[in-house]
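Structure file entry17.cif with mmCIF, C-alpha atoms:
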```
data_structure
loop_
_atom_site.label_atom_id
_atom_site.label_comp_id
_atom_site.auth_asym_id
_atom_site.auth_seq_id
_atom_site.Cartn_x
_atom_site.Cartn_y
_atom_site.Cartn_z
CA MET D 21 135.88 100.14 94.53
CA GLU D 22 133.05 98.25 96.20
CA ILE D 23 132.63 94.50 96.17
CA ILE D 24 129.23 93.30 97.35
CA ALA D 25 129.54 89.63 98.31
CA PRO D 26 126.98 87.46 96.53
CA PRO D 27 124.77 85.39 98.88
CA HIS D 28 126.75 82.16 98.45
CA TRP D 29 129.96 83.68 99.83
CA GLN D 30 130.36 82.24 103.32
CA MET D 31 134.14 82.34 103.75
CA VAL D 32 136.51 84.92 102.28
CA ASP D 33 140.25 84.46 102.72
CA CYS D 34 142.68 87.39 102.79
CA ILE D 35 146.42 87.01 102.26
CA SER D 36 149.26 89.39 101.40
CA ASP D 37 153.03 89.85 101.31
CA LEU D 38 154.03 86.53 99.84
CA HIS D 39 156.91 88.30 98.03
CA LEU D 40 157.08 85.44 95.54
CA GLN D 41 160.36 85.12 93.71
CA ALA D 42 162.29 82.34 92.00
CA GLN D 43 164.71 82.00 94.92
CA GLU D 44 161.92 80.92 97.31
CA PRO D 45 160.09 77.97 95.76
CA GLN D 46 158.70 76.78 99.13
CA THR D 47 156.49 79.87 99.39
CA ARG D 48 155.23 79.23 95.87
CA ASP D 49 154.48 75.60 96.84
CA ALA D 50 152.65 76.76 99.96
CA LEU D 51 150.46 79.05 97.84
CA SER D 52 149.72 76.19 95.47
CA ARG D 53 148.56 73.93 98.29
CA PHE D 54 146.54 76.72 99.89
CA LEU D 55 144.79 77.44 96.59
CA SER D 56 143.93 73.81 96.03
CA GLU D 57 142.50 73.29 99.53
CA SER D 58 140.95 76.50 100.77
CA PRO D 59 137.20 76.10 101.25
CA ALA D 60 136.65 79.85 100.82
CA GLN D 61 134.41 81.21 98.06
CA ALA D 62 136.66 84.21 97.45
CA LEU D 63 140.32 85.15 97.90
CA PHE D 64 141.63 88.69 98.32
CA ILE D 65 145.39 89.14 97.82
CA LEU D 66 146.18 92.49 99.38
CA GLY D 67 149.51 93.40 97.81
CA ASP D 68 153.11 92.25 97.48
CA LEU D 69 152.14 88.94 95.95
CA PHE D 70 155.40 89.25 94.05
CA GLU D 71 158.71 90.50 95.41
CA ALA D 72 158.97 92.68 92.34
CA TRP D 73 156.79 93.44 89.34
CA VAL D 74 158.25 95.71 86.71
CA GLY D 75 155.64 95.39 83.95
CA ASP D 76 153.27 92.76 82.60
CA ASP D 77 155.90 91.57 80.12
CA GLN D 78 157.52 89.99 83.18
CA LEU D 79 154.80 87.35 82.87
CA GLN D 80 156.33 85.83 79.76
CA SER D 81 159.96 86.84 80.14
CA GLY D 82 160.60 86.69 83.86
CA THR D 83 162.22 83.86 85.79
CA GLY D 84 159.29 81.48 85.28
CA ILE D 85 157.70 81.83 88.70
CA GLU D 86 155.43 84.59 87.41
CA HIS D 87 153.91 82.25 84.87
CA GLU D 88 153.59 79.41 87.42
CA VAL D 89 151.81 81.64 89.94
CA ALA D 90 149.46 83.03 87.30
CA ALA D 91 148.59 79.50 86.20
CA MET D 92 147.81 78.27 89.71
CA LEU D 93 145.68 81.34 90.42
CA HIS D 94 143.87 80.87 87.12
CA THR D 95 143.03 77.27 88.03
CA ALA D 96 141.78 78.31 91.46
CA SER D 97 139.73 81.13 89.91
CA GLN D 98 137.46 78.51 88.39
CA ARG D 99 136.01 77.75 91.81
CA MET D 100 136.75 80.86 93.88
CA ALA D 101 136.62 84.53 92.97
CA ILE D 102 140.12 86.01 93.10
CA PHE D 103 140.95 89.67 93.67
CA ILE D 104 144.45 91.14 93.53
CA MET D 105 145.52 94.48 94.94
CA ARG D 106 148.84 96.12 94.07
CA GLY D 107 151.36 96.43 96.88
CA ASN D 108 154.42 98.63 97.20
CA ARG D 109 156.70 96.08 95.52
CA ASP D 110 154.39 94.92 92.77
CA PHE D 111 152.63 98.20 92.06
CA LEU D 112 153.11 97.81 88.30
CA MET D 113 150.82 94.76 88.07
CA GLY D 114 148.46 95.39 85.19
CA GLU D 115 145.39 94.07 83.39
CA GLN D 116 147.35 91.47 81.43
CA LEU D 117 148.57 89.84 84.62
CA GLY D 118 145.11 90.09 86.12
CA ALA D 119 143.63 88.24 83.15
CA ALA D 120 146.37 85.59 83.26
CA CYS D 121 145.53 85.01 86.93
CA GLY D 122 141.78 84.89 86.31
CA ALA D 123 141.59 87.70 88.85
CA GLN D 124 140.02 91.10 89.19
CA LEU D 125 142.47 93.86 90.02
CA LEU D 126 141.43 95.88 93.06
CA GLU D 127 141.85 99.55 93.72
CA ASP D 128 143.53 100.57 96.96
CA PRO D 129 141.48 100.96 99.08
CA SER D 130 138.45 98.87 98.22
CA VAL D 131 135.44 97.95 100.34
CA LEU D 132 134.05 94.45 100.68
CA GLU D 133 130.50 94.13 101.92
CA LEU D 134 130.07 90.66 103.40
CA GLY D 135 126.96 89.92 105.42
CA SER D 136 126.35 92.85 107.73
CA ASN D 137 129.96 94.09 107.74
CA ARG D 138 131.85 96.46 105.46
CA TRP D 139 135.60 95.74 105.29
CA LEU D 140 138.04 98.35 104.05
CA LEU D 141 140.80 96.47 102.24
CA THR D 142 144.11 98.17 101.63
CA HIS D 143 147.78 97.20 101.24
CA GLY D 144 148.82 99.54 104.08
CA ASP D 145 151.80 101.40 102.61
CA ALA D 146 149.87 104.58 101.80
CA GLN D 147 148.89 105.07 105.43
CA CYS D 148 152.41 104.92 106.87
CA LEU D 149 152.64 108.70 106.89
CA ALA D 150 155.65 108.85 109.19
CA ASP D 151 157.76 107.04 106.59
CA THR D 152 158.46 110.28 104.76
CA PRO D 153 161.21 109.00 102.41
CA TYR D 154 158.84 106.22 101.31
CA GLN D 155 155.90 108.58 100.83
CA THR D 156 158.08 110.77 98.61
CA PHE D 157 159.16 107.71 96.63
CA ARG D 158 155.55 106.50 96.42
CA ALA D 159 154.26 109.83 95.11
CA GLN D 160 156.91 109.70 92.39
CA VAL D 161 156.47 106.10 91.24
CA ARG D 162 152.67 106.18 91.26
CA SER D 163 152.61 109.04 88.79
CA THR D 164 151.62 108.16 85.22
CA ALA D 165 154.59 110.11 83.85
CA TRP D 166 157.09 108.14 85.91
CA GLN D 167 155.43 104.83 85.08
CA ASP D 168 155.30 105.53 81.34
CA ARG D 169 159.00 106.43 81.35
CA PHE D 170 159.86 103.38 83.43
CA LEU D 171 157.85 100.96 81.31
CA SER D 172 159.45 102.23 78.12
CA GLN D 173 162.80 100.82 79.25
CA PRO D 174 163.88 97.27 78.38
CA LEU D 175 162.84 94.58 80.87
CA SER D 176 166.39 93.80 81.97
CA GLN D 177 166.98 97.44 82.87
CA ARG D 178 163.70 97.63 84.79
CA LEU D 179 164.58 94.50 86.75
CA GLU D 180 167.97 96.01 87.62
CA LEU D 181 166.35 99.27 88.74
CA ALA D 182 163.92 97.30 90.90
CA ARG D 183 166.86 95.48 92.51
CA GLN D 184 168.49 98.83 93.29
CA MET D 185 165.30 100.24 94.79
CA ARG D 186 164.95 97.15 96.95
CA SER D 187 168.48 97.30 98.33
CA GLN D 188 168.01 100.99 99.07
CA SER D 189 164.85 100.16 101.00
CA GLU D 190 166.59 97.34 102.88
CA ALA D 191 169.49 99.64 103.75
CA GLN D 192 167.06 102.20 105.14
CA LYS D 193 165.44 99.53 107.31
CA THR D 194 168.82 98.36 108.62
CA GLN D 195 169.77 101.94 109.44
CA ARG D 196 166.52 102.48 111.32
CA LYS D 197 167.10 99.33 113.35
CA ALA D 198 170.66 100.38 114.14
CA LEU D 199 169.39 103.71 115.41
CA HIS D 200 166.76 101.85 117.46
CA GLU D 201 163.99 103.62 115.62
CA PRO D 202 160.68 101.80 115.92
CA TRP D 203 159.27 100.32 112.73
CA ILE D 204 156.66 102.57 111.20
CA ASP D 205 153.03 101.57 111.53
CA LEU D 206 149.92 102.93 109.83
CA ASP D 207 148.70 106.25 111.14
CA SER D 208 145.61 105.55 113.28
CA ALA D 209 143.84 108.81 112.59
CA THR D 210 144.26 108.28 108.85
CA CYS D 211 142.88 104.75 109.13
CA LEU D 212 139.87 105.84 111.15
CA GLY D 213 139.24 108.67 108.73
CA GLN D 214 139.29 106.22 105.82
CA LEU D 215 136.85 103.90 107.56
CA GLN D 216 134.47 106.78 108.16
CA ALA D 217 134.84 108.11 104.61
CA HIS D 218 133.88 104.69 103.22
CA ALA D 219 131.25 103.90 105.86
CA ALA D 220 133.29 100.80 106.67
CA ASP D 221 133.46 98.94 109.97
CA HIS D 222 136.90 97.36 109.95
CA MET D 223 140.15 97.51 108.04
CA VAL D 224 142.27 94.62 106.73
CA HIS D 225 145.79 95.27 105.43
CA GLY D 226 149.30 93.89 105.06
CA HIS D 227 152.60 95.61 104.30
CA THR D 228 154.03 95.86 107.84
CA HIS D 229 154.39 92.10 108.36
CA GLN D 230 153.21 92.63 111.94
CA PRO D 231 150.07 90.49 112.30
CA ALA D 232 147.83 91.79 115.08
CA GLN D 233 144.45 93.41 115.74
CA HIS D 234 144.34 97.09 116.73
CA PRO D 235 141.26 98.94 117.98
CA LEU D 236 140.72 102.13 116.03
CA GLY D 237 137.68 103.33 117.92
CA PRO D 238 134.37 101.95 119.19
CA GLY D 239 133.27 99.22 116.74
CA HIS D 240 136.33 99.66 114.50
CA THR D 241 139.28 97.26 114.37
CA ARG D 242 142.38 97.21 112.17
CA TRP D 243 143.37 93.64 111.24
CA VAL D 244 146.93 93.15 110.03
CA LEU D 245 147.87 90.19 107.84
CA SER D 246 150.99 88.11 108.26
CA ASP D 247 153.58 87.85 105.52
CA TRP D 248 154.54 84.42 104.15
CA ASP D 249 158.07 83.10 104.48
CA LEU D 250 158.43 79.36 104.30
CA GLN D 251 162.21 79.60 104.71
CA ALA D 252 161.96 81.42 108.04
CA LYS D 253 162.48 79.50 111.28
CA PRO D 254 159.73 78.91 112.23
CA PRO D 255 158.10 79.10 108.78
CA ARG D 256 155.09 81.39 108.47
CA ALA D 257 152.06 81.47 106.21
CA GLU D 258 148.66 82.62 107.36
CA ALA D 259 145.32 83.63 105.92
CA LEU D 260 142.74 85.83 107.60
CA ARG D 261 139.36 84.24 107.07
CA LEU D 262 136.21 86.36 107.11
CA ASN D 263 133.33 84.04 107.84
CA THR D 264 129.63 84.93 107.84
CA ALA D 265 129.16 82.22 110.49
CA HIS D 266 131.65 83.85 112.88
CA PRO D 267 131.55 87.23 114.65
CA ALA D 268 135.28 87.88 114.17
CA PRO D 269 137.84 87.00 111.49
CA GLN D 270 139.89 83.84 112.08
CA ARG D 271 143.61 83.58 111.58
CA ILE D 272 144.16 80.36 109.67
CA ALA D 273 147.70 79.12 110.33
CA LEU D 274 148.76 77.34 107.19
CA VAL D 275 151.83 75.64 108.58
CA GLY D 276 152.03 72.36 110.42
CA ALA D 277 148.38 71.44 110.83
CA THR D 278 146.49 68.29 109.89
CA GLY D 279 143.46 68.18 107.66
CA PRO D 280 142.23 69.64 104.38
CA GLY D 281 142.64 73.40 104.05
CA ALA D 282 145.08 73.82 106.95
CA ASN D 283 147.95 72.03 105.66
CA LEU D 284 151.09 73.68 104.51
CA SER D 285 154.08 72.53 106.55
CA ALA D 286 157.31 73.63 104.95
CA MET H 27 131.52 41.60 98.74
CA THR H 28 129.87 43.04 101.84
CA GLN H 29 131.63 46.18 102.84
CA PRO H 30 132.52 46.61 106.53
CA LYS H 31 130.41 49.00 108.57
CA VAL H 32 131.33 50.96 111.69
CA GLU H 33 129.06 52.80 114.10
CA LEU H 34 130.32 56.08 115.54
CA HIS H 35 128.48 56.86 118.78
CA ILE H 36 128.49 60.57 119.47
CA ALA H 37 127.43 61.78 122.90
CA ASN H 38 124.32 64.01 122.86
CA PHE H 39 124.01 63.79 119.08
CA GLY H 40 123.42 60.18 118.04
CA THR H 41 125.01 57.47 115.94
CA ILE H 42 126.62 57.76 112.52
CA THR H 43 127.05 54.54 110.56
CA VAL H 44 129.79 54.51 107.96
CA GLU H 45 130.24 51.91 105.24
CA LEU H 46 133.87 51.37 104.25
CA ASP H 47 135.00 50.65 100.72
CA GLN H 48 137.46 47.81 101.26
CA GLU H 49 137.68 47.17 97.53
CA LYS H 50 138.70 50.68 96.49
CA ALA H 51 140.62 51.75 99.62
CA PRO H 52 141.99 48.57 101.21
CA LYS H 53 144.88 50.21 103.08
CA SER H 54 142.79 53.06 104.46
CA VAL H 55 140.03 50.68 105.53
CA GLU H 56 142.47 48.27 107.20
CA ASN H 57 144.09 51.25 108.96
CA PHE H 58 140.74 52.63 110.13
CA LEU H 59 139.49 49.24 111.36
CA GLY H 60 142.74 48.82 113.27
CA TYR H 61 142.11 52.05 115.19
CA VAL H 62 138.50 50.98 115.78
CA ALA H 63 139.56 47.58 117.15
CA SER H 64 142.22 49.01 119.46
CA GLY H 65 139.75 51.48 120.94
CA HIS H 66 141.77 54.44 119.65
CA TYR H 67 138.67 56.29 118.47
CA ASP H 68 136.88 55.85 121.81
CA ASN H 69 136.77 59.15 123.69
CA THR H 70 138.05 61.31 120.85
CA ILE H 71 136.55 64.61 119.76
CA PHE H 72 135.57 66.18 116.47
CA HIS H 73 138.11 68.95 116.93
CA ARG H 74 137.81 70.79 113.64
CA ILE H 75 134.40 71.69 112.20
CA ILE H 76 133.96 74.04 109.28
CA PRO H 77 130.34 74.52 108.12
CA GLY H 78 129.99 74.19 104.38
CA PHE H 79 133.20 72.16 104.24
CA MET H 80 133.84 69.22 106.56
CA VAL H 81 133.91 67.84 110.13
CA GLN H 82 137.20 66.31 111.27
CA GLY H 83 138.09 64.04 114.19
CA GLY H 84 139.76 60.81 115.22
CA GLY H 85 142.92 62.22 116.70
CA MET H 86 142.38 64.18 119.90
CA GLU H 87 140.99 63.54 123.34
CA PRO H 88 138.71 66.04 125.05
CA GLY H 89 141.18 68.76 126.10
CA MET H 90 142.92 68.65 122.69
CA ALA H 91 145.65 66.18 123.67
CA GLN H 92 146.76 64.22 120.62
CA LYS H 93 146.39 60.46 120.91
CA LYS H 94 149.38 58.37 119.89
CA THR H 95 148.97 56.85 116.44
CA ALA H 96 150.43 54.01 114.41
CA LYS H 97 152.55 54.44 111.27
CA PRO H 98 151.30 56.69 108.44
CA ILE H 99 149.68 55.01 105.46
CA GLU H 100 149.85 55.37 101.71
CA ASN H 101 147.48 57.89 100.16
CA GLU H 102 144.74 56.06 98.23
CA ALA H 103 143.10 59.19 96.77
CA ALA H 104 143.72 57.96 93.22
CA ASN H 105 141.09 55.23 93.73
CA GLY H 106 138.38 57.06 91.82
CA LEU H 107 136.23 57.82 94.88
CA LYS H 108 135.29 61.50 95.08
CA ASN H 109 135.00 63.84 98.08
CA THR H 110 131.23 64.22 97.72
CA LYS H 111 128.84 65.10 100.53
CA TYR H 112 128.80 62.59 103.40
CA THR H 113 131.86 60.66 102.22
CA LEU H 114 134.55 59.70 104.72
CA ALA H 115 138.16 60.58 103.96
CA MET H 116 141.57 60.46 105.62
CA ALA H 117 143.03 63.68 106.99
CA ARG H 118 146.77 64.28 106.66
CA THR H 119 149.44 66.99 106.73
CA SER H 120 150.92 68.47 103.56
CA ASP H 121 152.92 65.26 103.13
CA PRO H 122 150.66 63.20 100.85
CA HIS H 123 151.40 59.95 102.71
CA SER H 124 151.12 61.19 106.28
CA ALA H 125 147.60 60.01 107.20
CA THR H 126 147.37 58.13 110.48
CA SER H 127 144.13 58.14 112.52
CA GLN H 128 142.41 61.45 111.75
CA PHE H 129 139.53 61.38 109.30
CA PHE H 130 136.88 63.80 108.11
CA ILE H 131 133.33 63.68 106.78
CA ASN H 132 132.67 65.94 103.79
CA ILE H 133 129.55 68.05 104.27
CA ALA H 134 129.60 69.45 100.74
CA ASP H 135 130.80 68.22 97.36
CA ASN H 136 134.45 69.17 97.84
CA ASP H 137 135.73 68.42 94.33
CA PHE H 138 138.90 70.41 94.92
CA LEU H 139 140.03 67.76 97.43
CA ASN H 140 140.03 65.04 94.79
CA HIS H 141 143.21 63.54 93.42
CA THR H 142 144.46 65.24 90.26
CA ALA H 143 148.13 64.25 90.10
CA PRO H 144 150.71 62.40 92.18
CA SER H 145 152.33 65.66 93.29
CA SER H 146 152.35 67.44 96.62
CA GLN H 147 149.70 69.86 95.40
CA GLY H 148 147.62 67.38 93.41
CA TRP H 149 147.48 64.27 95.59
CA GLY H 150 144.19 65.10 97.23
CA TYR H 151 142.47 63.37 100.13
CA ALA H 152 141.68 59.65 100.12
CA VAL H 153 137.98 58.79 100.32
CA PHE H 154 137.49 55.36 101.89
CA GLY H 155 133.84 55.22 102.90
CA LYS H 156 130.55 57.04 103.29
CA VAL H 157 127.83 57.74 105.82
CA VAL H 158 124.96 55.29 105.24
CA ASP H 159 122.94 56.15 108.34
CA GLY H 160 122.87 59.22 110.55
CA THR H 161 123.38 62.00 108.01
CA ASP H 162 120.99 63.96 110.24
CA VAL H 163 123.50 63.54 113.07
CA VAL H 164 126.28 64.84 110.81
CA ASP H 165 124.03 67.80 109.95
CA LYS H 166 123.61 68.65 113.63
CA ILE H 167 127.33 68.35 114.36
CA LYS H 168 128.36 70.64 111.53
CA ASP H 169 126.42 73.54 113.04
CA VAL H 170 127.91 73.61 116.53
CA PRO H 171 129.47 76.93 117.59
CA THR H 172 133.25 76.88 117.17
CA GLY H 173 136.17 79.08 118.09
CA ARG H 174 139.91 79.16 118.60
CA LYS H 175 141.57 76.93 121.20
CA GLY H 176 145.31 77.40 121.55
CA PHE H 177 146.83 77.06 118.09
CA HIS H 178 143.73 75.43 116.62
CA ASP H 179 140.85 77.09 114.81
CA ASP H 180 137.29 75.89 114.22
CA VAL H 181 137.23 73.96 117.49
CA PRO H 182 133.74 73.29 118.89
CA LYS H 183 133.12 75.39 121.99
CA GLU H 184 131.54 72.37 123.64
CA ASP H 185 133.25 69.05 122.97
CA VAL H 186 131.63 66.82 120.38
CA VAL H 187 132.72 63.46 121.76
CA LEU H 188 132.92 60.20 119.85
CA THR H 189 132.39 57.95 122.85
CA LYS H 190 132.93 54.72 120.97
CA ALA H 191 133.47 53.33 117.50
CA VAL H 192 132.05 49.84 116.97
CA ALA H 193 132.76 47.54 114.03
CA LEU H 194 129.55 45.84 112.97
#
```
Take the structure in the file and give it back as structure tokens.
Amino acid sequence: MEIIAPPHWQMVDCISDLHLQAQEPQTRDALSRFLSESPAQALFILGDLFEAWVGDDQLQSGTGIEHEVAAMLHTASQRMAIFIMRGNRDFLMGEQLGAACGAQLLEDPSVLELGSNRWLLTHGDAQCLADTPYQTFRAQVRSTAWQDRFLSQPLSQRLELARQMRSQSEAQKTQRKALHEPWIDLDSATCLGQLQAHAADHMVHGHTHQPAQHPLGPGHTRWVLSDWDLQAKPPRAEALRLNTAHPAPQRIALVGATGPGANLSA
Amino acid sequence: MTQPKVELHIANFGTITVELDQEKAPKSVENFLGYVASGHYDNTIFHRIIPGFMVQGGGMEPGMAQKKTAKPIENEAANGLKNTKYTLAMARTSDPHSATSQFFINIADNDFLNHTAPSSQGWGYAVFGKVVDGTDVVDKIKDVPTGRKGFHDDVPKEDVVLTKAVAL
């Protein structure tokens, strides 16, 4: 999917991995303030906006946070263009949610053309090739057959299944840490190949929660977004701002600063 | 009622004259005039400049050291004044009533900064004055090259120094 920025887009903010859930209202509040104060003309949410999304009926019958988040995004969509990409936790986000948020759903990957740069936007989970159990799981749950079967179950059952999948994933992570295995990053060759296939200059993604910039080759950089956790010590929330007036993206720290648009102390 | 005016002298750029709305934002104006009188604003920098959005200053010395401020003031954003181009507003943290000395000049019509509700998300930013002379100076300042300095973004690469603020 290609998004060609209209001429009036000067700043584009990218965020991801908010993992919004009822148990973490501070992160929801931080998003609300960010949406009401960001001076950007467009916002790209690159996956894992929600901790779990088991079907668009969650919008009406979930814990309430789904509806709140959709409402605040819808309000913001009146002055900034909003784009939402599915992540690995909220991969069942559908058109109904998109419409409720006033947002366009993005394919993974998508390319944003802003000024003279082409940005490949992706969640980042598909490129973690070394995470073989996850890639097997991903192949299964992204199939139409699996999704149709899953969505035919009652909401309460789907939510329970999602809980089970999450604890399995957490257990795997704990095991890896115990065995001193390094966390798994995106495969560089795959990333570079994707950039070349899409004639893109740079990549922006989330998923790993390891904000950094990585060179992929001459003139190609991989920018990694931070996750948001307002309960962490210290709290974290960050946007990556693409700005036509700046040569490189800026990391906008949204915690602890003074002034409009930089202003989300926990 | 004649509204108070203050001249902001900015090295290498010129003078910006702001007219303060004492009627609609009495607390913010009193607070601002206090910092002017004490010399607090003398030798501060515009440390946060975002083209198309706003220019912010009133809190840091050249070198990014924060100047000591007085107590925070009540947010007067519900006064009906809007964050239109060239208005002067109080900067603050996410706490609605945390404004001290930092202020910003809107360089666009930033409607989304206006007060919508007395909640953390809806409080908005209190407008307490406007530029009545020197909008051309504001226009020059907003275009200076900026970058990251320490933990701060959008910092002018070369200091934009408010050498003195003078109440007229």
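Ranking H:Phe72, H:Phe129, H:Phe79, H:Tyr112 by their shortest atom-to-atom distance to Pro182 (chain H), with all atoms listed in the file included, puts H:Phe72 first.
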Excluding Val244 (chain D) and residues on its chain fewer than 3 positions from it, collect all residues at most 10 Å away from it, counting all atoms listed in the file, and give them as a ChimeraX atom specification.
-> /D:35-36,143-144,223-234,241,247,260
When the cut-off is 10 Å and we count all atoms listed in the file, which residues of chain H are near chain D, given as a ChimeraX atom specification?
-> /H:74,76-83,85,115-121,124-125,128-130,136-140,146-148,150-151,169,171-174,177-180
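Taking all atoms listed in the file into account, Gln192 (chain D) lies nearest to D:Asp151 out of the set D:Val89, D:Gln98, D:Asp151, D:Asp68.
Here CA of Val186 (chain H) stands at a distance of 18.8 Å from CA of Tyr61 (chain H).
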Residues near region 69-85 of chain D, cut-off 10 Å, only C-alpha atoms, skip fewer than 2 positions along chain, as a tab-separated table (two decimals) with C-alpha atoms, in the coordinates of the input:
```tsv
chain	number	residue	atom	x	y	z
D	35	ILE	CA	146.42	87.01	102.26
D	36	SER	CA	149.26	89.39	101.40
D	37	ASP	CA	153.03	89.85	101.31
D	38	LEU	CA	154.03	86.53	99.84
D	39	HIS	CA	156.91	88.30	98.03
D	40	LEU	CA	157.08	85.44	95.54
D	41	GLN	CA	160.36	85.12	93.71
D	42	ALA	CA	162.29	82.34	92.00
D	43	GLN	CA	164.71	82.00	94.92
D	44	GLU	CA	161.92	80.92	97.31
D	45	PRO	CA	160.09	77.97	95.76
D	48	ARG	CA	155.23	79.23	95.87
D	65	ILE	CA	145.39	89.14	97.82
D	66	LEU	CA	146.18	92.49	99.38
D	67	GLY	CA	149.51	93.40	97.81
D	87	HIS	CA	153.91	82.25	84.87
D	88	GLU	CA	153.59	79.41	87.42
D	89	VAL	CA	151.81	81.64	89.94
D	90	ALA	CA	149.46	83.03	87.30
D	91	ALA	CA	148.59	79.50	86.20
D	104	ILE	CA	144.45	91.14	93.53
D	105	MET	CA	145.52	94.48	94.94
D	106	ARG	CA	148.84	96.12	94.07
D	107	GLY	CA	151.36	96.43	96.88
D	108	ASN	CA	154.42	98.63	97.20
D	109	ARG	CA	156.70	96.08	95.52
D	110	ASP	CA	154.39	94.92	92.77
D	111	PHE	CA	152.63	98.20	92.06
D	112	LEU	CA	153.11	97.81	88.30
D	113	MET	CA	150.82	94.76	88.07
D	114	GLY	CA	148.46	95.39	85.19
D	115	GLU	CA	145.39	94.07	83.39
D	116	GLN	CA	147.35	91.47	81.43
D	117	LEU	CA	148.57	89.84	84.62
D	118	GLY	CA	145.11	90.09	86.12
D	120	ALA	CA	146.37	85.59	83.26
D	167	GLN	CA	155.43	104.83	85.08
D	170	PHE	CA	159.86	103.38	83.43
D	171	LEU	CA	157.85	100.96	81.31
D	172	SER	CA	159.45	102.23	78.12
D	174	PRO	CA	163.88	97.27	78.38
D	175	LEU	CA	162.84	94.58	80.87
D	176	SER	CA	166.39	93.80	81.97
D	177	GLN	CA	166.98	97.44	82.87
D	178	ARG	CA	163.70	97.63	84.79
D	179	LEU	CA	164.58	94.50	86.75
D	180	GLU	CA	167.97	96.01	87.62
D	181	LEU	CA	166.35	99.27	88.74
D	182	ALA	CA	163.92	97.30	90.90
D	183	ARG	CA	166.86	95.48	92.51
D	186	ARG	CA	164.95	97.15	96.95
D	247	ASP	CA	153.58	87.85	105.52
D	248	TRP	CA	154.54	84.42	104.15
```
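By chain and then residue number, the residues within 10 Å of Val187 (chain H) are H:Leu34, H:His35, H:Ile36, H:Ala37, H:Asn38, H:Phe39, H:Tyr67, H:Asp68, H:Asn69, H:Thr70, H:Ile71, H:Phe72, H:His73, H:Gly83, H:Gly84, H:Met86, H:Glu87, H:Pro88, counting all atoms listed in the file and disregarding those fewer than 4 positions away in sequence.
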Any chance you can output those residues with C-alpha atoms as a short mmCIF file (atom, residue, chain, number, x, y, z; two decimals), in the frame of the given file?
```cif
data_model
loop_
_atom_site.label_atom_id
_atom_site.label_comp_id
_atom_site.auth_asym_id
_atom_site.auth_seq_id
_atom_site.Cartn_x
_atom_site.Cartn_y
_atom_site.Cartn_z
CA LEU H 34 130.32 56.08 115.54
CA HIS H 35 128.48 56.86 118.78
CA ILE H 36 128.49 60.57 119.47
CA ALA H 37 127.43 61.78 122.90
CA ASN H 38 124.32 64.01 122.86
CA PHE H 39 124.01 63.79 119.08
CA TYR H 67 138.67 56.29 118.47
CA ASP H 68 136.88 55.85 121.81
CA ASN H 69 136.77 59.15 123.69
CA THR H 70 138.05 61.31 120.85
CA ILE H 71 136.55 64.61 119.76
CA PHE H 72 135.57 66.18 116.47
CA HIS H 73 138.11 68.95 116.93
CA GLY H 83 138.09 64.04 114.19
CA GLY H 84 139.76 60.81 115.22
CA MET H 86 142.38 64.18 119.90
CA GLU H 87 140.99 63.54 123.34
CA PRO H 88 138.71 66.04 125.05
#
```
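Closest approach to Pro269 (chain D) among D:Arg158, D:Trp29, D:Trp243, D:Glu201 is made by D:Trp243 (distances from all atoms listed in the file).
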Output the residue selection produced by the PyMOL selection byres ((chain D and resi 128) around 7) on the file above, formatted as JSON, numbers by chain.
-> {"D": [105, 126, 127, 129, 130, 142, 143]}
So that I have them on file, write out the residues from the current selection with C-alpha atoms, as a PDB file, in the coordinates of the input.
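Printed below is again_6.pdb as written:
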```pdb
ATOM      1  CA  MET D 105     145.520  94.480  94.940  1.00  0.00           C
ATOM      2  CA  LEU D 126     141.430  95.880  93.060  1.00  0.00           C
ATOM      3  CA  GLU D 127     141.850  99.550  93.720  1.00  0.00           C
ATOM      4  CA  PRO D 129     141.480 100.960  99.080  1.00  0.00           C
ATOM      5  CA  SER D 130     138.450  98.870  98.220  1.00  0.00           C
ATOM      6  CA  THR D 142     144.110  98.170 101.630  1.00  0.00           C
ATOM      7  CA  HIS D 143     147.780  97.200 101.240  1.00  0.00           C
TER       8      HIS D 143
END
```
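Among the candidate residues D:Gln46, D:Ile204, D:Val32, D:Met185, the one lying nearest to Ala146 (chain D) is D:Ile204, with distances computed using all atoms listed in the file.
Here CA of Gly135 (chain D) is placed at a distance of 7.6 Å from CA of Ala25 (chain D).
Nearest residue to Leu125 (chain D), choosing from D:Phe64, D:Trp203, D:Trp139, D:Phe157 and counting only C-alpha atoms: D:Phe64.
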Distance CA of Cys148 (chain D)-CA of Thr194 (chain D), one decimal place?
-> 17.8 Å
Run through the PyMOL selection byres ((chain D and resi 62) around 6) on the given coordinates and return the selected residues as an NGL selection string.
-> :D and (32 or 60-61 or 63 or 100-102)
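Between Pro26 (chain D) and the candidates D:Thr264, D:Ser97, D:Gln155, D:Ser163, the tightest atom-to-atom separation, counting only C-alpha atoms, involves D:Thr264.
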Given the file above and the PyMOL selection byres ((chain H and resi 57) around 12), which residues are selected, and can you give them as a PyMOL selection string?
-> chain H and resi 46+48+51-56+58-64+66+95-102+116+125-129+154
Which neighbours of Thr113 (chain H) fall inside 6 Å, counting all atoms listed in the file, when residues of the same chain fewer than 5 positions from it are skipped, and could you give them as a ChimeraX atom specification?
-> /H:131-132,155-156
